[in-house]
Protein chains: 2
Amino acid sequence: MTAVRNVLFVMCDQLRRDFVSCYGASPVATPNLDRLAERGVRFDHAYVQSGVCGPARTSYYTGRYVNSHGATWNDVPLSAAEYTLGDYLRTAGRAATLAGKTHVLPDTEAFARFGIESESERGALLREGGFTSIDRYDGHTPPGAGSRYAAWLRERGYAGADPWSDHVIGVDDGGRIASGWQMRNVHLPSRVAEPHSETAYMTDVALDWIRAQGETPWVLHLSYVKPHWPYVAPAPYHAMFRGADIGAIVHGPQDGTADEHPIVRAYREHDECISFAREAVVRHVRPAYMGLIAQLDHHIGRVLDALAAMGRLADTLILFTSDHGEFSGDRGLGEKELFYDEIVRVPFIVCDPDPRADATRGGADARLVEGIDVVPTILDALGIAGAPHRIEGRSLLPLTRGDTPADWRDAAFSELDYGFRRARRVLGRGVRECRGFMVRTSEWKYIHWEGFRPQLFDLAADPRELADLGADARHDAVRARMRERLFDWIATGKRRTTIDDERVECLTDAHRAHGIHIGIW
Amino acid sequence: MTAVRNVLFVMCDQLRRDFVSCYGASPVATPNLDRLAERGVRFDHAYVQSGVCGPARTSYYTGRYVNSHGATWNDVPLSAAEYTLGDYLRTAGRAATLAGKTHVLPDTEAFARFGIESESERGALLREGGFTSIDRYDGHTPPGAGSRYAAWLRERGYAGADPWSDHVIGVDDGGRIASGWQMRNVHLPSRVAEPHSETAYMTDVALDWIRAQGETPWVLHLSYVKPHWPYVAPAPYHAMFRGADIGAIVHGPQDGTADEHPIVRAYREHDECISFAREAVVRHVRPAYMGLIAQLDHHIGRVLDALAAMGRLADTLILFTSDHGEFSGDRGLGEKELFYDEIVRVPFIVCDPDPRADATRGGADARLVEGIDVVPTILDALGIAGAPHRIEGRSLLPLTRGDTPADWRDAAFSELDYGFRRARRVLGRGVRECRGFMVRTSEWKYIHWEGFRPQLFDLAADPRELADLGADARHDAVRARMRERLFDWIATGKRRTTIDDERVECLTDAHRAHGIHIGIW
């Protein structure tokens with residue numbers, strides 16, 4: 001029997017793996033995340049299924065690749081036909097509870113077509129990606145109706161119709177209120193006290209809720225909107241790293257040259273890349289980003305302490321990860337997307353309380369894991385059946401419990417749809433002509449771009465992915481082989497989702513039992 | 001302005017293209033289909049998206065490839081998330097009416113999940129694949145609750161609980177009632193008179209309904225269950241071709257040998273292939289199959305005559321096709337599936353009443369068309385907007401109206417999921433490891449089989465597809481090129497279906513307008 005009764009699935013937004021100190025040299029120390037890693041397994045090669053919030057999260061919540069769930073970018077509603085973690089938990093009488101961000105957009109067309117009231121219980125679940133929301137707050141805009149954050153701020157004296165814009169991302173610039181949207185202002189502290197910041201608030205929401213559960217088992221998705229922009233941190237975190245070592249700013253020889261891949265070059269015309277191409281901007285913004293990470297780590301520590309005090313560390317599976325990383329000026333790029341490790345390779349810690357996992361505690365695991373593994377891992381931990389005809393990820397519990405499955409994956413996959421980005425117009429592409437597919441093995445990363453040459457990186461010789469071999473004639477054979485891998489992957493995506501495997505097995509060659517006698521003499 | 005007010009979409013089940021006389025030497029004359037072809041365009045290279053009823057029909061009804069709609073085989077429910085012809089017509093206040101077969105299975109899991117009552121109007125539409133059914137009858141089992149056929153037979157004196165089994169597919173064998181399921185009995189006539197047969201009944205249903213519409217425009221899917229097995233024909237058709245020329249029985253040098261593709265060889269262990277491998281069986285069954293085709297042709301003639309009498313030929317778009325073909329002993333195979341032209345290349349006639357189509361009347365068109373073209377053709381004819389973010393087919397009206405679009409497709413695609421077939425067990429495959437994908441260009445047909453070598457046919461040198469070059473070392477380059485085509489096709493399948501293209505265009509690079517200021521200094 002498993003010891004797992006509860007699940008805490010913590011996600012950050014835009015947290016880079018190499019800004020977490022248990023992953024090696026990090027410009028910011030994260031002692032509490034390191035403490036979590038000491039209690040569990042740190043996965044060193046964890047990949048998200050897209051380098052941008054919406055599709056990456058949808059893969060986390062459905063256990064399916066982007067090409068399967070179809071929510072290819074932030075603005076794409078999650079099809080009502082997709083099943084999420086909450087749906088699977090409900091089959092066992094449990095619920096997936098949400099505190100924070102999901103980025104899920106409701107499939108309102110399906111609501112209308114199926115006569116589902118948005119405010120009904122069914123509608124609410126579909127709106128929230130299957131989560132039962134205690135406080136949904138997606139960040140980077142004023143908190144919506146699903147969150148108490150704005151009202152809570154007003155109760156604490158932050159007056160006005162929009163305390164988020166005025167206080168949370170507002171800064172005092174010599175008597176004048178300035179906006180944290182402008183990165184020039186992120187050296188100044190937020191106009192809320194630290195305990196009233198987004199990270200502190202959502203931690204409080206989560207801990208209050210966990211305490212209220214008492215001995216009732218629970219599954220909570222605590223989903224922070226930080227360290228995502230606007231990069232305004234509250235005091236003292238805003239100033240903690242100003243003047244400190246911010247780590248290397250990596251540049252490759254092809255950056256911005258004619259040899260660079262045309263899609264990467266097109267991304268350089270985005271506002272964030274124009275800004276982050278300037279080293280002064282990077283040096284100004286990274287300390288704030290690091291401050292937000294340090295603050296986050298502090299609150300993760302509060303969560304761990306609270307769980308320990310409640311005795312919950314012994315029966316709670318904890319998963320910690322991020323939806324994607326952040327360029328922060330590396331390669332002269334800003335923000336996210338594309339397929340470099342800064343973006344698609346994320347921190348990923350699994351703390352499995354089961355005694356069978358004792359032998360792996362504090363260890364690192366180099367095997368390839370993916371965001372789609374979260375749902376099957378949670379279901380496995382709780383002894384709830386998944387749906388192998390839909391779920392494309394795999395449970396990580398064999399790994400945390402010391403097994404070495406012979407058939408563990410030897411490639412990870414990620415996708416991008418840049419149809420909504422300026423790059424599409426720069427390149428003169430149609431809205432349905434902007435797809436990229438990445439396959440990453442132990443040796444190579446290969447990216448297929450619709451309508452353009454591929455990218456290829458030799459991860460052994462060039463772990464920073466600085467030399468794109470996508471047009472290098474000496475690597476024709478590698479590219480052909482990697483393209484084969486991509487083809488085999490996409491051709492085996494789970495498209496037959498309306499019938500389960502047991503039923504297929506049962507119906508195989510069974511027409512006679514149903515009175516249908518084909519071709520008998 | 002188009003002259004099209006009504007649409008008649010006629011489908012047969014399991015009708016081979018080369019058993020229709022307007023397509024060349026046919027062992028059975030089809031003067032009425034030939035008459036239809038004289039009024040329209042006969043497409044010579046029309047491909048279905050799967051060589052089996054369910055997925056082929058779902059592609060016809062959704063305008064989407066099988067890998068997109070997910071109903072990969074007969075027993076797979078049609079996802080409630082898919083849009084069909086009826087959905088698109090309803091946006092314009094019109095309906096798609098059904099008389100006959102669809103093979104659509106309801107997505108009952110979605111009904112339960114979304115709280116849709118099966119008997120509600122919404123439920124009925126989802127059950128019937130978006131069609132408003134006047135008489136749904138899927139054939140090869142006793143007519144279900146959606147059809148009046150059983151009651152209608154009883155009203156005509158065919159007594160009993162199941163007049164279909166007892167009379168329609170029953171035969172008198174020297175005083176004893178024998179079953180048409182046994183192919184040895186198909187030289188005997190059905191125990192119903194010809195006007196009471198399935199084909200006659202459904203023609204009556206359709207004509208009565210069309211007459212009742214008067215001058216109200218309509219869209220009718222008249223979907224015959226014949227010449228699909230059981231191969232019992234009513235008199236005089238049962239005997240019409242007995243002793244006649246039944247056409248060649250084609251065999252290839254690799255048939256049944258170790259050189260044959262392992263999946264084809266596994267199919268030989270199916271009952272129908274065991275039977276049809278015997279020439280005596282083919283010689284016994286084909287005359288009945290031909291009789292059913294001749295009868296069908298007669299009733300198509302009745303429909304054309306009725307439309308002419310009502311003046312409806314001038315304003316009715318008529319599409320005639322089949323969901324797939326039939327081996328009928330060629331290659332020693334029976335039934336359907338796999339990717340040979342006997343199965344996936346179907347008769348396809350479009351009769352466009354618009355005067356702009358006058359120049360193409362009676363002509364043949366060699367361009368590649370697909371079953372997925374039916375929905376966009378109907379919508380185009382009626383001036384109803386489709387959904388380019390979902391529909392993967394193209395309107396054929398430019399072709400019927402004499403255009404030569406420079407970007408017309410140069411490849412057709414088809415798929416197979418044999419996970420439900422005995423062949424899967426013969427080959428020791430799992431239920432999710434049984435997919436095949438075909439790409440056919442003007443020169444080559446290439447088939448990718450999951451877990452097995454591909455098949456390749458040189459259509460110029462070997463139009464009967466007798467020499468499988470899938471393992472021929474001299475064709476490595478061709479196979480690599482065709483595999484690229486397949487990859488590009490599958491990688492561009494329409495997966496982003498919950499947002500339309502206009503909305504994507506509108507949202508492109510538009511975050512600033514929504515108050516989100518990314519990466520500005």
# chains A, B, ... in the order shown; residues from 1 in each chain; ligands from 1
call {"tool": "residues_around", "arguments": {"residues": "Ile177 (chain A)", "least_positions_apart": "6", "cutoff": "12 Å", "atoms": "only C-alpha atoms", "output": "ChimeraX atom specification"}}
result
/A:165-171,185,188-191
call {"tool": "write_last_selection", "arguments": {"atoms": "N, CA and C atoms", "output": "short mmCIF file (atom, residue, chain, number, x, y, z; two decimals), in the first residue's frame"}}
result
data_model
loop_
_atom_site.label_atom_id
_atom_site.label_comp_id
_atom_site.auth_asym_id
_atom_site.auth_seq_id
_atom_site.Cartn_x
_atom_site.Cartn_y
_atom_site.Cartn_z
N SER A 165 -2.87 46.97 -10.40
CA SER A 165 -2.10 47.89 -11.24
C SER A 165 -1.50 49.02 -10.40
N ASP A 166 -2.28 49.51 -9.41
CA ASP A 166 -1.82 50.66 -8.64
C ASP A 166 -0.78 50.30 -7.59
N HIS A 167 -0.86 49.10 -7.05
CA HIS A 167 0.01 48.77 -5.92
C HIS A 167 0.93 47.58 -6.19
N VAL A 168 0.35 46.47 -6.64
CA VAL A 168 1.17 45.25 -6.75
C VAL A 168 2.28 45.42 -7.79
N ILE A 169 1.91 45.95 -8.96
CA ILE A 169 2.94 46.18 -9.98
C ILE A 169 3.29 47.66 -10.10
N GLY A 170 2.75 48.44 -9.19
CA GLY A 170 3.10 49.86 -9.16
C GLY A 170 4.33 50.07 -8.29
N VAL A 171 5.10 51.09 -8.63
CA VAL A 171 6.28 51.44 -7.82
C VAL A 171 6.26 52.96 -7.60
N ASN A 185 11.63 50.22 -14.35
CA ASN A 185 11.20 50.49 -12.98
C ASN A 185 11.38 49.33 -12.01
N LEU A 188 12.81 49.23 -8.33
CA LEU A 188 12.04 49.82 -7.23
C LEU A 188 11.10 48.77 -6.64
N PRO A 189 10.77 48.91 -5.35
CA PRO A 189 9.91 47.90 -4.72
C PRO A 189 8.45 48.07 -5.10
N SER A 190 7.76 46.98 -5.09
CA SER A 190 6.30 46.98 -5.25
C SER A 190 5.66 47.87 -4.20
N ARG A 191 4.51 48.45 -4.52
CA ARG A 191 3.81 49.29 -3.55
C ARG A 191 2.94 48.48 -2.59
#
call {"tool": "interface_residues", "arguments": {"of": "chain A", "to": "chain B", "cutoff": "7 Å", "atoms": "only C-alpha atoms", "output": "compact mmCIF listing (two decimals) with all heavy atoms, in the first residue's frame"}}
result
# COMPACT_ATOMS: atom_id res chain seq x y z
N ASN A 67 -0.11 18.35 -29.63
CA ASN A 67 -0.76 17.90 -30.88
C ASN A 67 -1.96 17.01 -30.59
O ASN A 67 -2.81 16.81 -31.46
CB ASN A 67 0.24 17.15 -31.76
CG ASN A 67 -0.20 17.07 -33.20
OD1 ASN A 67 -0.55 18.07 -33.80
ND2 ASN A 67 -0.22 15.87 -33.75
N GLY A 70 -4.60 19.94 -28.47
CA GLY A 70 -5.03 20.98 -29.42
C GLY A 70 -5.00 22.42 -28.91
O GLY A 70 -5.23 23.33 -29.70
N ALA A 71 -4.73 22.63 -27.62
CA ALA A 71 -4.65 24.02 -27.11
C ALA A 71 -3.23 24.51 -27.36
O ALA A 71 -2.39 24.54 -26.47
CB ALA A 71 -5.01 24.07 -25.64
N THR A 72 -2.95 24.89 -28.60
CA THR A 72 -1.58 25.07 -29.07
C THR A 72 -0.92 26.36 -28.61
O THR A 72 0.29 26.49 -28.73
CB THR A 72 -1.52 25.04 -30.61
OG1 THR A 72 -2.32 26.15 -31.09
CG2 THR A 72 -2.07 23.75 -31.16
N VAL A 76 -5.87 29.77 -27.05
CA VAL A 76 -6.68 28.68 -27.61
C VAL A 76 -7.46 27.98 -26.49
O VAL A 76 -6.87 27.44 -25.56
CB VAL A 76 -5.80 27.65 -28.34
CG1 VAL A 76 -6.66 26.58 -28.99
CG2 VAL A 76 -4.91 28.34 -29.36
N PRO A 77 -8.79 27.99 -26.58
CA PRO A 77 -9.59 27.32 -25.53
C PRO A 77 -9.27 25.83 -25.45
O PRO A 77 -8.95 25.18 -26.45
CB PRO A 77 -11.03 27.54 -25.99
CG PRO A 77 -10.97 28.76 -26.86
CD PRO A 77 -9.65 28.68 -27.56
N SER A 79 -10.37 22.28 -25.43
CA SER A 79 -11.55 21.56 -25.91
C SER A 79 -12.27 20.87 -24.76
O SER A 79 -11.64 20.20 -23.93
CB SER A 79 -11.12 20.52 -26.95
OG SER A 79 -12.19 19.64 -27.21
N ALA A 81 -13.78 18.34 -24.92
CA ALA A 81 -13.64 16.89 -25.07
C ALA A 81 -12.41 16.34 -24.35
O ALA A 81 -12.29 15.13 -24.17
CB ALA A 81 -13.57 16.52 -26.55
N ASP A 107 -14.01 26.52 -23.43
CA ASP A 107 -14.47 26.19 -24.78
C ASP A 107 -15.92 26.65 -24.90
O ASP A 107 -16.84 25.84 -24.91
CB ASP A 107 -14.33 24.67 -24.96
CG ASP A 107 -14.66 24.19 -26.36
OD1 ASP A 107 -15.01 25.03 -27.21
OD2 ASP A 107 -14.58 22.98 -26.57
N PHE A 114 -23.58 22.30 -26.41
CA PHE A 114 -24.08 21.23 -25.56
C PHE A 114 -25.06 21.74 -24.50
O PHE A 114 -25.52 20.97 -23.66
CB PHE A 114 -22.91 20.52 -24.86
CG PHE A 114 -21.92 19.92 -25.81
CD1 PHE A 114 -20.56 20.01 -25.58
CD2 PHE A 114 -22.34 19.26 -26.96
CE1 PHE A 114 -19.64 19.46 -26.46
CE2 PHE A 114 -21.43 18.71 -27.85
CZ PHE A 114 -20.07 18.81 -27.60
N ILE A 116 -24.47 23.81 -21.97
CA ILE A 116 -23.87 23.82 -20.64
C ILE A 116 -23.84 25.26 -20.13
O ILE A 116 -23.29 26.14 -20.78
CB ILE A 116 -22.43 23.25 -20.68
CG1 ILE A 116 -22.45 21.82 -21.20
CG2 ILE A 116 -21.78 23.32 -19.29
CD1 ILE A 116 -21.09 21.28 -21.57
N TRP A 181 5.14 47.47 -15.54
CA TRP A 181 5.18 46.99 -16.92
C TRP A 181 6.46 47.48 -17.60
O TRP A 181 7.02 46.77 -18.44
CB TRP A 181 3.98 47.52 -17.70
CG TRP A 181 2.70 46.76 -17.48
CD1 TRP A 181 1.52 47.28 -17.02
CD2 TRP A 181 2.45 45.37 -17.73
NE1 TRP A 181 0.57 46.30 -16.96
CE2 TRP A 181 1.11 45.12 -17.40
CE3 TRP A 181 3.23 44.32 -18.20
CZ2 TRP A 181 0.53 43.86 -17.52
CZ3 TRP A 181 2.67 43.06 -18.33
CH2 TRP A 181 1.32 42.84 -17.98
N GLN A 182 6.87 48.69 -17.23
CA GLN A 182 8.11 49.22 -17.81
C GLN A 182 9.29 48.66 -17.03
O GLN A 182 9.44 48.92 -15.84
CB GLN A 182 8.11 50.74 -17.74
CG GLN A 182 7.16 51.35 -18.76
CD GLN A 182 7.27 52.87 -18.73
OE1 GLN A 182 6.72 53.52 -17.85
NE2 GLN A 182 8.00 53.42 -19.70
N MET A 183 10.11 47.91 -17.71
CA MET A 183 11.19 47.20 -17.02
C MET A 183 12.20 48.14 -16.39
O MET A 183 12.91 47.76 -15.47
CB MET A 183 11.86 46.21 -17.98
CG MET A 183 10.88 45.15 -18.48
SD MET A 183 11.71 43.74 -19.28
CE MET A 183 12.43 44.53 -20.72
N ARG A 184 12.23 49.39 -16.86
CA ARG A 184 13.16 50.35 -16.26
C ARG A 184 12.86 50.57 -14.77
O ARG A 184 13.70 51.04 -14.03
CB ARG A 184 13.10 51.69 -17.01
CG ARG A 184 11.81 52.48 -16.78
CD ARG A 184 11.80 53.76 -17.59
NE ARG A 184 11.68 53.46 -19.00
CZ ARG A 184 12.13 54.24 -19.97
NH1 ARG A 184 12.78 55.36 -19.68
NH2 ARG A 184 11.96 53.93 -21.24
N ASP A 271 9.09 42.86 -29.03
CA ASP A 271 9.48 43.92 -28.09
C ASP A 271 10.45 43.41 -27.02
O ASP A 271 11.43 44.07 -26.69
CB ASP A 271 8.24 44.48 -27.38
CG ASP A 271 7.34 45.23 -28.34
OD1 ASP A 271 7.85 45.76 -29.35
OD2 ASP A 271 6.12 45.27 -28.10
N GLU A 272 10.12 42.24 -26.45
CA GLU A 272 10.93 41.74 -25.33
C GLU A 272 12.34 41.40 -25.79
O GLU A 272 13.29 41.51 -25.02
CB GLU A 272 10.26 40.54 -24.66
CG GLU A 272 10.10 39.30 -25.52
CD GLU A 272 8.87 39.33 -26.42
OE1 GLU A 272 8.23 40.39 -26.54
OE2 GLU A 272 8.53 38.27 -26.99
N SER A 275 14.29 44.64 -26.27
CA SER A 275 14.77 45.14 -24.97
C SER A 275 15.91 44.29 -24.43
O SER A 275 16.97 44.80 -24.05
CB SER A 275 13.60 45.15 -23.96
OG SER A 275 12.63 46.09 -24.34
N PHE A 420 0.24 33.21 -33.36
CA PHE A 420 -0.29 34.40 -32.69
C PHE A 420 0.78 35.48 -32.50
O PHE A 420 0.49 36.53 -31.95
CB PHE A 420 -0.83 34.02 -31.31
CG PHE A 420 -2.01 33.08 -31.33
CD1 PHE A 420 -1.84 31.72 -31.52
CD2 PHE A 420 -3.31 33.57 -31.15
CE1 PHE A 420 -2.92 30.85 -31.51
CE2 PHE A 420 -4.39 32.71 -31.14
CZ PHE A 420 -4.21 31.35 -31.33
N ARG A 421 2.01 35.18 -32.90
CA ARG A 421 3.12 36.09 -32.59
C ARG A 421 3.49 36.98 -33.78
O ARG A 421 3.26 36.63 -34.93
CB ARG A 421 4.35 35.27 -32.18
CG ARG A 421 4.15 34.34 -31.00
CD ARG A 421 3.60 35.05 -29.77
NE ARG A 421 4.33 36.27 -29.41
CZ ARG A 421 5.42 36.31 -28.67
NH1 ARG A 421 5.92 35.20 -28.17
NH2 ARG A 421 6.00 37.47 -28.40
N ARG A 422 4.11 38.09 -33.46
CA ARG A 422 4.58 39.00 -34.50
C ARG A 422 5.48 38.27 -35.50
O ARG A 422 5.48 38.59 -36.70
CB ARG A 422 5.33 40.16 -33.85
CG ARG A 422 5.71 41.26 -34.83
CD ARG A 422 6.51 42.36 -34.13
NE ARG A 422 5.74 43.00 -33.06
CZ ARG A 422 6.25 43.84 -32.16
NH1 ARG A 422 7.55 44.14 -32.20
NH2 ARG A 422 5.49 44.37 -31.23
N VAL A 431 -1.98 31.89 -40.61
CA VAL A 431 -2.22 31.56 -39.19
C VAL A 431 -2.12 30.07 -38.91
O VAL A 431 -2.02 29.66 -37.76
CB VAL A 431 -3.59 32.08 -38.70
CG1 VAL A 431 -3.61 33.59 -38.68
CG2 VAL A 431 -4.74 31.50 -39.53
N PHE A 487 8.54 11.60 -36.78
CA PHE A 487 7.43 11.01 -37.53
C PHE A 487 6.78 9.88 -36.73
O PHE A 487 5.55 9.82 -36.61
CB PHE A 487 7.93 10.48 -38.88
CG PHE A 487 6.86 9.80 -39.68
CD1 PHE A 487 6.07 10.52 -40.56
CD2 PHE A 487 6.63 8.44 -39.56
CE1 PHE A 487 5.07 9.90 -41.29
CE2 PHE A 487 5.63 7.81 -40.29
CZ PHE A 487 4.85 8.55 -41.15
N ARG A 495 -5.06 9.45 -30.77
CA ARG A 495 -6.16 10.13 -31.45
C ARG A 495 -7.49 9.41 -31.21
O ARG A 495 -8.54 9.98 -31.39
CB ARG A 495 -5.88 10.20 -32.96
CG ARG A 495 -4.51 10.73 -33.32
CD ARG A 495 -4.38 12.23 -32.99
NE ARG A 495 -5.53 12.92 -33.52
CZ ARG A 495 -6.41 13.58 -32.80
NH1 ARG A 495 -6.27 13.68 -31.50
NH2 ARG A 495 -7.43 14.17 -33.36
N ARG A 496 -7.44 8.13 -30.89
CA ARG A 496 -8.67 7.33 -30.70
C ARG A 496 -9.04 7.40 -29.23
O ARG A 496 -8.69 6.52 -28.46
CB ARG A 496 -8.38 5.89 -31.15
CG ARG A 496 -9.58 4.99 -31.18
CD ARG A 496 -9.16 3.57 -31.55
NE ARG A 496 -8.45 2.91 -30.50
CZ ARG A 496 -7.67 1.82 -30.64
NH1 ARG A 496 -7.51 1.30 -31.83
NH2 ARG A 496 -7.06 1.29 -29.61
N THR A 497 -9.73 8.46 -28.84
CA THR A 497 -9.93 8.74 -27.41
C THR A 497 -11.32 8.41 -26.91
O THR A 497 -11.58 8.54 -25.71
CB THR A 497 -9.66 10.23 -27.13
OG1 THR A 497 -10.56 11.00 -27.94
CG2 THR A 497 -8.22 10.61 -27.44
N THR A 498 -12.23 8.01 -27.80
CA THR A 498 -13.61 7.81 -27.35
C THR A 498 -13.94 6.35 -27.05
O THR A 498 -15.12 6.01 -26.85
CB THR A 498 -14.61 8.34 -28.42
OG1 THR A 498 -14.33 7.68 -29.66
CG2 THR A 498 -14.50 9.84 -28.59
N ILE A 499 -12.94 5.52 -26.99
CA ILE A 499 -13.16 4.11 -26.64
C ILE A 499 -11.92 3.66 -25.88
O ILE A 499 -10.80 4.02 -26.24
CB ILE A 499 -13.42 3.25 -27.90
CG1 ILE A 499 -13.83 1.83 -27.53
CG2 ILE A 499 -12.22 3.25 -28.83
CD1 ILE A 499 -14.37 1.03 -28.72
N ASP A 501 -9.13 0.94 -24.05
CA ASP A 501 -8.37 -0.19 -24.57
C ASP A 501 -9.03 -1.54 -24.25
O ASP A 501 -8.99 -2.47 -25.07
CB ASP A 501 -6.95 -0.18 -23.99
CG ASP A 501 -6.14 1.00 -24.51
OD1 ASP A 501 -6.65 1.73 -25.38
OD2 ASP A 501 -5.00 1.18 -24.05
N VAL A 504 -11.66 -2.17 -26.76
CA VAL A 504 -11.10 -2.57 -28.06
C VAL A 504 -10.69 -4.05 -27.99
O VAL A 504 -11.00 -4.83 -28.90
CB VAL A 504 -9.88 -1.70 -28.43
CG1 VAL A 504 -9.27 -2.18 -29.74
CG2 VAL A 504 -10.29 -0.23 -28.54
N GLU A 505 -10.04 -4.40 -26.90
CA GLU A 505 -9.63 -5.80 -26.74
C GLU A 505 -10.86 -6.71 -26.81
O GLU A 505 -10.87 -7.73 -27.52
CB GLU A 505 -8.93 -5.96 -25.38
CG GLU A 505 -8.31 -7.32 -25.13
CD GLU A 505 -7.15 -7.62 -26.08
OE1 GLU A 505 -6.19 -6.85 -26.13
OE2 GLU A 505 -7.23 -8.64 -26.79
N LEU A 507 -13.72 -6.14 -28.20
CA LEU A 507 -14.40 -6.12 -29.50
C LEU A 507 -13.56 -6.73 -30.62
O LEU A 507 -14.05 -6.91 -31.73
CB LEU A 507 -14.76 -4.67 -29.88
CG LEU A 507 -15.90 -4.04 -29.09
CD1 LEU A 507 -15.96 -2.52 -29.35
CD2 LEU A 507 -17.24 -4.69 -29.46
N THR A 508 -12.31 -7.05 -30.32
CA THR A 508 -11.44 -7.55 -31.38
C THR A 508 -11.95 -8.89 -31.92
O THR A 508 -12.17 -9.83 -31.15
CB THR A 508 -10.00 -7.73 -30.85
OG1 THR A 508 -9.53 -6.46 -30.39
CG2 THR A 508 -9.08 -8.25 -31.94
N ASP A 509 -12.18 -8.92 -33.21
CA ASP A 509 -12.57 -10.15 -33.90
C ASP A 509 -13.84 -10.72 -33.29
O ASP A 509 -14.02 -11.94 -33.26
CB ASP A 509 -11.42 -11.17 -33.80
CG ASP A 509 -11.51 -12.24 -34.87
OD1 ASP A 509 -12.19 -12.02 -35.89
OD2 ASP A 509 -10.92 -13.32 -34.68
N HIS A 517 -21.95 -12.21 -39.30
CA HIS A 517 -21.19 -13.35 -39.80
C HIS A 517 -20.58 -12.99 -41.14
O HIS A 517 -21.18 -13.18 -42.19
CB HIS A 517 -22.13 -14.56 -39.91
CG HIS A 517 -22.84 -14.84 -38.63
ND1 HIS A 517 -22.26 -15.51 -37.58
CD2 HIS A 517 -24.07 -14.48 -38.21
CE1 HIS A 517 -23.10 -15.58 -36.57
NE2 HIS A 517 -24.21 -14.95 -36.92
N ILE A 518 -19.37 -12.48 -41.07
CA ILE A 518 -18.73 -11.94 -42.27
C ILE A 518 -18.04 -13.05 -43.05
O ILE A 518 -17.21 -13.79 -42.50
CB ILE A 518 -17.67 -10.88 -41.90
CG1 ILE A 518 -18.30 -9.78 -41.04
CG2 ILE A 518 -17.03 -10.29 -43.14
CD1 ILE A 518 -17.30 -8.79 -40.49
N GLY A 519 -18.40 -13.13 -44.31
CA GLY A 519 -17.61 -13.93 -45.24
C GLY A 519 -17.56 -15.42 -44.96
O GLY A 519 -16.57 -16.07 -45.30
N ILE A 520 -18.62 -15.96 -44.34
CA ILE A 520 -18.58 -17.41 -44.12
C ILE A 520 -19.27 -18.13 -45.26
O ILE A 520 -20.21 -17.63 -45.87
CB ILE A 520 -19.23 -17.79 -42.77
CG1 ILE A 520 -20.68 -17.27 -42.70
CG2 ILE A 520 -18.40 -17.28 -41.60
CD1 ILE A 520 -21.47 -17.86 -41.55
N TRP A 521 -18.77 -19.25 -45.59
CA TRP A 521 -19.32 -20.02 -46.72
C TRP A 521 -20.60 -20.74 -46.31
O TRP A 521 -21.59 -20.73 -47.01
CB TRP A 521 -18.28 -21.04 -47.23
CG TRP A 521 -18.84 -21.91 -48.32
CD1 TRP A 521 -19.09 -23.25 -48.27
CD2 TRP A 521 -19.25 -21.48 -49.63
NE1 TRP A 521 -19.61 -23.69 -49.46
CE2 TRP A 521 -19.73 -22.62 -50.32
CE3 TRP A 521 -19.27 -20.24 -50.27
CZ2 TRP A 521 -20.23 -22.56 -51.63
CZ3 TRP A 521 -19.75 -20.19 -51.57
CH2 TRP A 521 -20.23 -21.32 -52.25
call {"tool": "atom_distance", "arguments": {"atom1": "CA of Arg42 (chain A)", "atom2": "CA of His298 (chain A)"}}
result
18.9 Å
call {"tool": "residues_around", "arguments": {"residues": "Gly252 (chain A)", "least_positions_apart": "5", "cutoff": "8 Å", "atoms": "only C-alpha atoms", "output": "PyMOL selection string"}}
result
chain A and resi 331+466-467
call {"tool": "closest_residue", "arguments": {"among": "A:Ala37, A:Ala25, A:Leu382, A:Leu456", "to": "Pro347 (chain A)", "atoms": "only C-alpha atoms"}}
result
A:Ala37
call {"tool": "closest_residue", "arguments": {"among": "B:Ser223, B:Ser328, B:Ser197, B:Gln295", "to": "Ile343 (chain B)", "atoms": "only C-alpha atoms"}}
result
B:Ser328
call {"tool": "closest_residue", "arguments": {"among": "A:Asp297, A:Glu326, A:Asp34, A:Asp458", "to": "Arg479 (chain A)", "atoms": "only C-alpha atoms"}}
result
A:Asp458
call {"tool": "select_by_dssp", "arguments": {"residues": "region 75-191 of chain B", "states": "helix (DSSP H, G or I)", "output": "PyMOL selection string"}}
result
chain B and resi 85-90+108-114+121-127+149-155+163-168+183-185
call {"tool": "residues_around", "arguments": {"residues": "region 361-377 of chain B", "least_positions_apart": "6", "cutoff": "7 Å", "atoms": "only C-alpha atoms", "output": "ChimeraX atom specification"}}
result
/B:37-49,59-65,85,386,392-397,409-412
call {"tool": "closest_residue", "arguments": {"among": "B:Ala294, B:Val250, B:Ile384, B:Ala471", "to": "Thr199 (chain B)", "atoms": "only C-alpha atoms"}}
result
B:Ala294
